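Structure, as structure tokens:
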Amino acid sequence: MSDATRIRILLVDDHAVVRRGLRGFLELQDDMEVVGEGEDGTQAVALAQQHQPDVILMDLLMPKMDGLTAIATIKQASPEVEIVAVTSFIEEEKVTAALEAGASGYLLKDAEAEEVADAIRAAYAGEVHLDPAVARLLAQRMRARKDEEPVEPLTAREKEVLGQLAKGASNKEIAYELDITERTARTHVSNILGKLGLASRTQAALWAVEHKLV
């Protein structure tokens, strides 16, 4: 496979041995290449600007600048860069914060190597990939809300937007599919999250699945 068709990856972790292990595995994949490594959030921001990778594997607990701050900073400057958050522990607050900051995946550090590769490919394809344990946690939270109706019912258009969210569509893709402006799509998403009392697009997608809207 030519370099032009490979997924360009930036590795960010404060442990050199972790980066070395990931690099060794990922560079065995025909469709991937590691373009850089960083050991803290500050380096992540600089290297993302320098290399413009397709996907960043980002540790959340790092010195100088943590992963959450780095994710938000990078996504603001380069929204097209996809980021997969990686951490040792499942904390609902951190999961939600990472997804809200713009992460398109969430993995635990004990994930199998193939799952890491799958998460990178999913992020590159514009899809959300969650560690199974993380997905179960969010699904449990959604089930707890299953019988709760929003204070304000969703409009027909909001239900259409929610259906698109459940498919992992971006605001731009939602706008194209529903023949509306990207700004209108963004407004609908914001209204949906507010009505449902949810914090992220991923939670909204899980809510849609639980309520059989898709």
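Simple scheme: letters A, B, ... for chains in structure tokens order, numbers from 1 for residues in each chain, numbers from 1 for ligands in the order shown.
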For Gln52 of chain A, list every protein, DNA or RNA residue within 9 Å, evaluated using only C-alpha atoms, and leave out those in the same chain fewer than 2 positions away; present the list as a list in words. Arg8, Leu10, Leu47, Ala48, Gln49, Gln50, Asp54, Val55, Ser78 and Val81 of chain A
I'd like the contact shell of Ala205 of chain A - 12 Å cut-off, only C-alpha atoms, skipping same-chain residues fewer than 2 positions apart - returned as a ChimeraX atom specification. /A:127-128,135,138-139,142,159-170,189,192-193,196,198-203,207-214
Nearest candidate to Ser88 of chain A (options A:Lys64, A:Ala103, A:Pro53, A:Asp131; using only C-alpha atoms):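 Closest to Ser88 of chain A, using only C-alpha atoms: A:Asp131.
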Running DSSP on the backbone, which parts of segment 30-95 of chain A land in alpha helix (DSSP H), as an MDAnalysis selection string? chainID A and resid 41:51 67:77 92:95
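Near Ile90 of chain A, within a cut-off of 9 Å and counting only C-alpha atoms, sit the residues A:Val95, A:Leu108, A:Ala133, A:Val134, A:Leu137, with same-chain residues fewer than 5 positions away left out.
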Those residues you just picked out, can you put them in a file as a compact mmCIF listing (two decimals), in the first residue's frame with N, CA and C atoms?
```txt
# COMPACT_ATOMS: atom_id res chain seq x y z
N VAL A 95 -14.96 9.81 30.45
CA VAL A 95 -15.49 9.32 29.18
C VAL A 95 -16.30 10.42 28.51
N LEU A 108 -9.41 1.44 26.68
CA LEU A 108 -8.64 1.18 27.90
C LEU A 108 -7.27 0.66 27.50
N ALA A 133 -16.24 -2.21 27.58
CA ALA A 133 -16.60 -1.88 28.96
C ALA A 133 -17.15 -0.45 29.05
N VAL A 134 -16.59 0.45 28.26
CA VAL A 134 -17.07 1.83 28.24
C VAL A 134 -18.46 1.89 27.61
N LEU A 137 -20.98 0.79 30.10
CA LEU A 137 -21.24 1.82 31.10
C LEU A 137 -22.22 2.86 30.57
```
Exercise: Thr187 of chain A partners within 12 Å, only C-alpha atoms, chain neighbours under 5 positions left out, as a PyMOL selection string: chain A and resi 157-158+161+171+174-175+180-182+192-194
Between atom CA of Ala101 of chain A and atom CA of Gly38 of chain A, what is the distance in Å, rounded to a tenth?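 One can read the atom CA of Ala101 of chain A to atom CA of Gly38 of chain A distance as 19.4 Å.
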Atom CA of Glu39 of chain A to atom CA of Met65 of chain A: how many Å, to one decimal?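 Answer for the atom CA of Glu39 of chain A to atom CA of Met65 of chain A separation: 10.0 Å.
Closest to Thr96 of chain A among A:Ala204, A:Thr184, A:Lys172, A:Gly126 is A:Ala204, based on only C-alpha atoms.
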